[in-house]
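Below you'll find the structure, written out as structure tokens, and then a few comments.
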Amino acid sequence: DAGITQSPRHKVTETGTPVTLRCHQTENHRYMYWYRQDPGHGLRLIHYSYGVKDTDKGEVSDGYSVSRSKTEDFLLTLESATSSQTSVYFCAISVDRGTGANVLTFGAGSRLTVL
Amino acid sequence: GEDVEQSLFLSVREGDSSVINCTYTDSSSTYLYWYKQEPGAGLQLLTYIFSNMDMKQDQRLTVLLNKKDKHLSLRIADTQTGDSAIYFCASLGGGSYIPTFGRGTSLIVHP
């Protein structure tokens with residue numbers, strides 16, 4: 001099974017402070033994703049990466065930046081956190097099942113509260 | 001853009017069958033997925049179906065695909081309280097790595 005860990009799992013911060021969430025995979029999967037999950041909105045894609053230093057925006061990228069300097073790590077940064085960024089953040093990797101079906105494997109989530 | 005729609009809630013009695021429905025708009029969807037999210041956890045893949053299939057069965061789970069109507073359903077037989085969770089439908093176009101997710105259906109199973 002693809003190992004994927006997120007840190008921190010919980011964080012409380014104040015408006016205006018920078019926050020970085022980390023996603024780490026133990027294998028060499030090319031595609032990695034950051035989603036946020038909010039009641040009534042389901043999952044929304046923030047950014048994704050298709051390789052080292054190759055990233056692209058998702059549907060809710062404003063206020064977020066990402067970096068991928070190594071295959072195994074994908075960082076999500078909130079440069080100046082706002083209360084609207086209070087959410088649960090999920091990292092995911094795309095795993096090829098060998099049938100052509102690319103399946104997302106998700107981390108356990110990082111709950112961020114911005115006061 | 002692509003869209004995936006699901007009803008938000010479903011309530012069933014333990015032992016009954018549950019049917020969760022999903023509609024999608026992308027006619028080029030090659031794979032359709034069902035994910036399950038238990039409280040406090042990330043999403044886990046339940047099953048997926050290739051677009052040239054119309055049915056897939058896996059123990060208590062049956063997936064039906066009507067490609068003409070762009071309708072996907074997940075049937076859970078003999079629903080148990082442990083099946084209480086949020087179920088997400090997702091579609092993926094051929095050659096794409098960005099799935100489109102529905103908003104999720106909360107399944108509540110009553111004893």
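By convention in this document, the chains of the structure tokens carry letters A, B, ... by their order, each chain's residues are numbered from 1, and ligands are numbered from 1 in the order they are shown.
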Each chain B residue no farther than 7 Å from chain A, nearest pair in Å, only C-alpha atoms, as a tab-separated table:
residue	atom	partner	partner_atom	distance
B:Tyr31	CA	A:Ala101	CA	6.6
B:Ala41	CA	A:Ala108	CA	5.2
B:Gly42	CA	A:Ala108	CA	4.6
B:Leu43	CA	A:Phe106	CA	5.8
B:Gln44	CA	A:Thr105	CA	6.8
B:Phe101	CA	A:Leu43	CA	6.8
B:Gly102	CA	A:Gly42	CA	6.9
B:Arg103	CA	A:Gly42	CA	4.0
B:Gly104	CA	A:Gly42	CA	6.2
Write the selection just made, keeping all heavy atoms, as a PDB file, in the first residue's frame?
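Result file out-v4.pdb:
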ATOM      1  N   TYR B  31     -13.287   6.312 -16.234  1.00  0.00           N
ATOM      2  CA  TYR B  31     -13.417   5.559 -15.006  1.00  0.00           C
ATOM      3  C   TYR B  31     -14.346   6.314 -14.057  1.00  0.00           C
ATOM      4  O   TYR B  31     -14.320   7.543 -14.006  1.00  0.00           O
ATOM      5  CB  TYR B  31     -12.045   5.372 -14.321  1.00  0.00           C
ATOM      6  CG  TYR B  31     -11.133   4.456 -15.098  1.00  0.00           C
ATOM      7  CD1 TYR B  31     -10.198   4.970 -15.979  1.00  0.00           C
ATOM      8  CD2 TYR B  31     -11.223   3.072 -14.956  1.00  0.00           C
ATOM      9  CE1 TYR B  31      -9.380   4.137 -16.708  1.00  0.00           C
ATOM     10  CE2 TYR B  31     -10.392   2.233 -15.680  1.00  0.00           C
ATOM     11  CZ  TYR B  31      -9.489   2.771 -16.544  1.00  0.00           C
ATOM     12  OH  TYR B  31      -8.673   1.944 -17.273  1.00  0.00           O
ATOM     13  N   ALA B  41     -11.526  10.635   9.087  1.00  0.00           N
ATOM     14  CA  ALA B  41     -10.533   9.958   8.247  1.00  0.00           C
ATOM     15  C   ALA B  41     -10.549  10.508   6.830  1.00  0.00           C
ATOM     16  O   ALA B  41     -11.443  11.271   6.455  1.00  0.00           O
ATOM     17  CB  ALA B  41     -10.830   8.454   8.225  1.00  0.00           C
ATOM     18  N   GLY B  42      -9.555  10.115   6.062  1.00  0.00           N
ATOM     19  CA  GLY B  42      -9.519  10.481   4.655  1.00  0.00           C
ATOM     20  C   GLY B  42     -10.403   9.555   3.837  1.00  0.00           C
ATOM     21  O   GLY B  42     -10.984   8.602   4.355  1.00  0.00           O
ATOM     22  N   LEU B  43     -10.503   9.844   2.557  1.00  0.00           N
ATOM     23  CA  LEU B  43     -11.302   9.006   1.677  1.00  0.00           C
ATOM     24  C   LEU B  43     -10.560   7.721   1.359  1.00  0.00           C
ATOM     25  O   LEU B  43      -9.336   7.715   1.200  1.00  0.00           O
ATOM     26  CB  LEU B  43     -11.594   9.738   0.358  1.00  0.00           C
ATOM     27  CG  LEU B  43     -12.709  10.767   0.347  1.00  0.00           C
ATOM     28  CD1 LEU B  43     -12.359  11.986   1.164  1.00  0.00           C
ATOM     29  CD2 LEU B  43     -13.048  11.157  -1.077  1.00  0.00           C
ATOM     30  N   GLN B  44     -11.315   6.638   1.249  1.00  0.00           N
ATOM     31  CA  GLN B  44     -10.739   5.351   0.848  1.00  0.00           C
ATOM     32  C   GLN B  44     -11.506   4.832  -0.350  1.00  0.00           C
ATOM     33  O   GLN B  44     -12.743   4.905  -0.374  1.00  0.00           O
ATOM     34  CB  GLN B  44     -10.859   4.337   1.986  1.00  0.00           C
ATOM     35  CG  GLN B  44      -9.929   4.568   3.152  1.00  0.00           C
ATOM     36  CD  GLN B  44     -10.036   3.432   4.140  1.00  0.00           C
ATOM     37  OE1 GLN B  44     -11.084   3.192   4.698  1.00  0.00           O
ATOM     38  NE2 GLN B  44      -8.935   2.733   4.350  1.00  0.00           N
ATOM     39  N   PHE B 101     -15.031  15.214  -8.297  1.00  0.00           N
ATOM     40  CA  PHE B 101     -15.750  14.589  -7.190  1.00  0.00           C
ATOM     41  C   PHE B 101     -17.134  15.201  -7.027  1.00  0.00           C
ATOM     42  O   PHE B 101     -17.321  16.411  -7.212  1.00  0.00           O
ATOM     43  CB  PHE B 101     -14.998  14.781  -5.869  1.00  0.00           C
ATOM     44  CG  PHE B 101     -13.819  13.878  -5.699  1.00  0.00           C
ATOM     45  CD1 PHE B 101     -12.563  14.257  -6.158  1.00  0.00           C
ATOM     46  CD2 PHE B 101     -13.954  12.639  -5.080  1.00  0.00           C
ATOM     47  CE1 PHE B 101     -11.462  13.417  -6.006  1.00  0.00           C
ATOM     48  CE2 PHE B 101     -12.861  11.801  -4.924  1.00  0.00           C
ATOM     49  CZ  PHE B 101     -11.619  12.187  -5.385  1.00  0.00           C
ATOM     50  N   GLY B 102     -18.096  14.373  -6.645  1.00  0.00           N
ATOM     51  CA  GLY B 102     -19.360  14.876  -6.162  1.00  0.00           C
ATOM     52  C   GLY B 102     -19.198  15.411  -4.744  1.00  0.00           C
ATOM     53  O   GLY B 102     -18.129  15.285  -4.140  1.00  0.00           O
ATOM     54  N   ARG B 103     -20.270  15.977  -4.198  1.00  0.00           N
ATOM     55  CA  ARG B 103     -20.178  16.574  -2.857  1.00  0.00           C
ATOM     56  C   ARG B 103     -20.296  15.543  -1.751  1.00  0.00           C
ATOM     57  O   ARG B 103     -20.103  15.878  -0.578  1.00  0.00           O
ATOM     58  CB  ARG B 103     -21.254  17.642  -2.678  1.00  0.00           C
ATOM     59  CG  ARG B 103     -21.041  18.827  -3.590  1.00  0.00           C
ATOM     60  CD  ARG B 103     -21.982  19.965  -3.248  1.00  0.00           C
ATOM     61  NE  ARG B 103     -21.734  21.111  -4.105  1.00  0.00           N
ATOM     62  CZ  ARG B 103     -22.266  22.310  -3.934  1.00  0.00           C
ATOM     63  NH1 ARG B 103     -23.093  22.524  -2.926  1.00  0.00           N
ATOM     64  NH2 ARG B 103     -21.997  23.299  -4.758  1.00  0.00           N
ATOM     65  N   GLY B 104     -20.629  14.314  -2.103  1.00  0.00           N
ATOM     66  CA  GLY B 104     -20.708  13.274  -1.095  1.00  0.00           C
ATOM     67  C   GLY B 104     -22.122  13.066  -0.581  1.00  0.00           C
ATOM     68  O   GLY B 104     -22.888  14.017  -0.428  1.00  0.00           O
TER      69      GLY B 104
END
8 Å contact set for region 10-22 of chain B, only C-alpha atoms, chain neighbours under 6 positions out, as an NGL selection string: :B and (4 or 71-81 or 89 or 102 or 105-111)
Distance in Å - CA of Ser80 (chain A) versus CA of Ser61 (chain A):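 Atom-to-atom, CA of Ser80 (chain A) to CA of Ser61 (chain A), that is 13.6 Å.
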Tell me, in Å to one decimal, how far CA of Glu59 (chain A) is from CA of Leu65 (chain B).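 Separation of CA of Glu59 (chain A) and CA of Leu65 (chain B): 27.3 Å.
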As an MDAnalysis selection string, please: the residues near region 62-75 of chain A (cut-off 7 Å, only C-alpha atoms, same-chain neighbours under 5 positions excluded). chainID A and resid 20:28 51:53
Quick one, how far is CA of Arg9 (chain A) from CA of Asp54 (chain A)?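 Straight-line distance from CA of Arg9 (chain A) to CA of Asp54 (chain A) works out to 25.4 Å.
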Run DSSP on the backbone and grab whatever in region 17-110 of chain B lands in strand (DSSP E or B); send it over as a PyMOL selection string. chain B and resi 18-24+29-37+43-50+55-58+61-66+71-76+85-93+100-101+105-110
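Using only C-alpha atoms, the contacts of Ser96 (chain B) at a cut-off of 10 Å, with sequence neighbours closer than 2 positions omitted, comprise Asn102 of chain A; Ser29, Thr30, Leu92, Gly93, Gly94, Ile98 and Pro99 of chain B.
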Write out as a ChimeraX atom specification the residues lying within 8 Å of Glu2 (chain B), counting only C-alpha atoms and excluding same-chain residues fewer than 5 positions away. /B:24-26,100
Store the residues of this selection in a file with N, CA, C and O atoms, as a PDB file, in the first residue's frame.
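In the end it all went to again29.pdb:
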ATOM      1  N   TYR B  24     -23.222  12.341 -13.751  1.00  0.00           N
ATOM      2  CA  TYR B  24     -22.044  13.078 -14.170  1.00  0.00           C
ATOM      3  C   TYR B  24     -22.286  13.664 -15.549  1.00  0.00           C
ATOM      4  O   TYR B  24     -23.174  13.219 -16.286  1.00  0.00           O
ATOM      5  N   THR B  25     -21.506  14.662 -15.905  1.00  0.00           N
ATOM      6  CA  THR B  25     -21.752  15.344 -17.170  1.00  0.00           C
ATOM      7  C   THR B  25     -20.706  15.046 -18.240  1.00  0.00           C
ATOM      8  O   THR B  25     -20.976  15.201 -19.423  1.00  0.00           O
ATOM      9  N   ASP B  26     -19.515  14.619 -17.826  1.00  0.00           N
ATOM     10  CA  ASP B  26     -18.420  14.457 -18.783  1.00  0.00           C
ATOM     11  C   ASP B  26     -18.580  13.153 -19.565  1.00  0.00           C
ATOM     12  O   ASP B  26     -18.359  12.066 -19.027  1.00  0.00           O
ATOM     13  N   THR B 100     -13.059  14.436 -10.983  1.00  0.00           N
ATOM     14  CA  THR B 100     -14.105  15.351 -10.520  1.00  0.00           C
ATOM     15  C   THR B 100     -14.925  14.621  -9.470  1.00  0.00           C
ATOM     16  O   THR B 100     -15.453  13.539  -9.742  1.00  0.00           O
TER      17      THR B 100
END
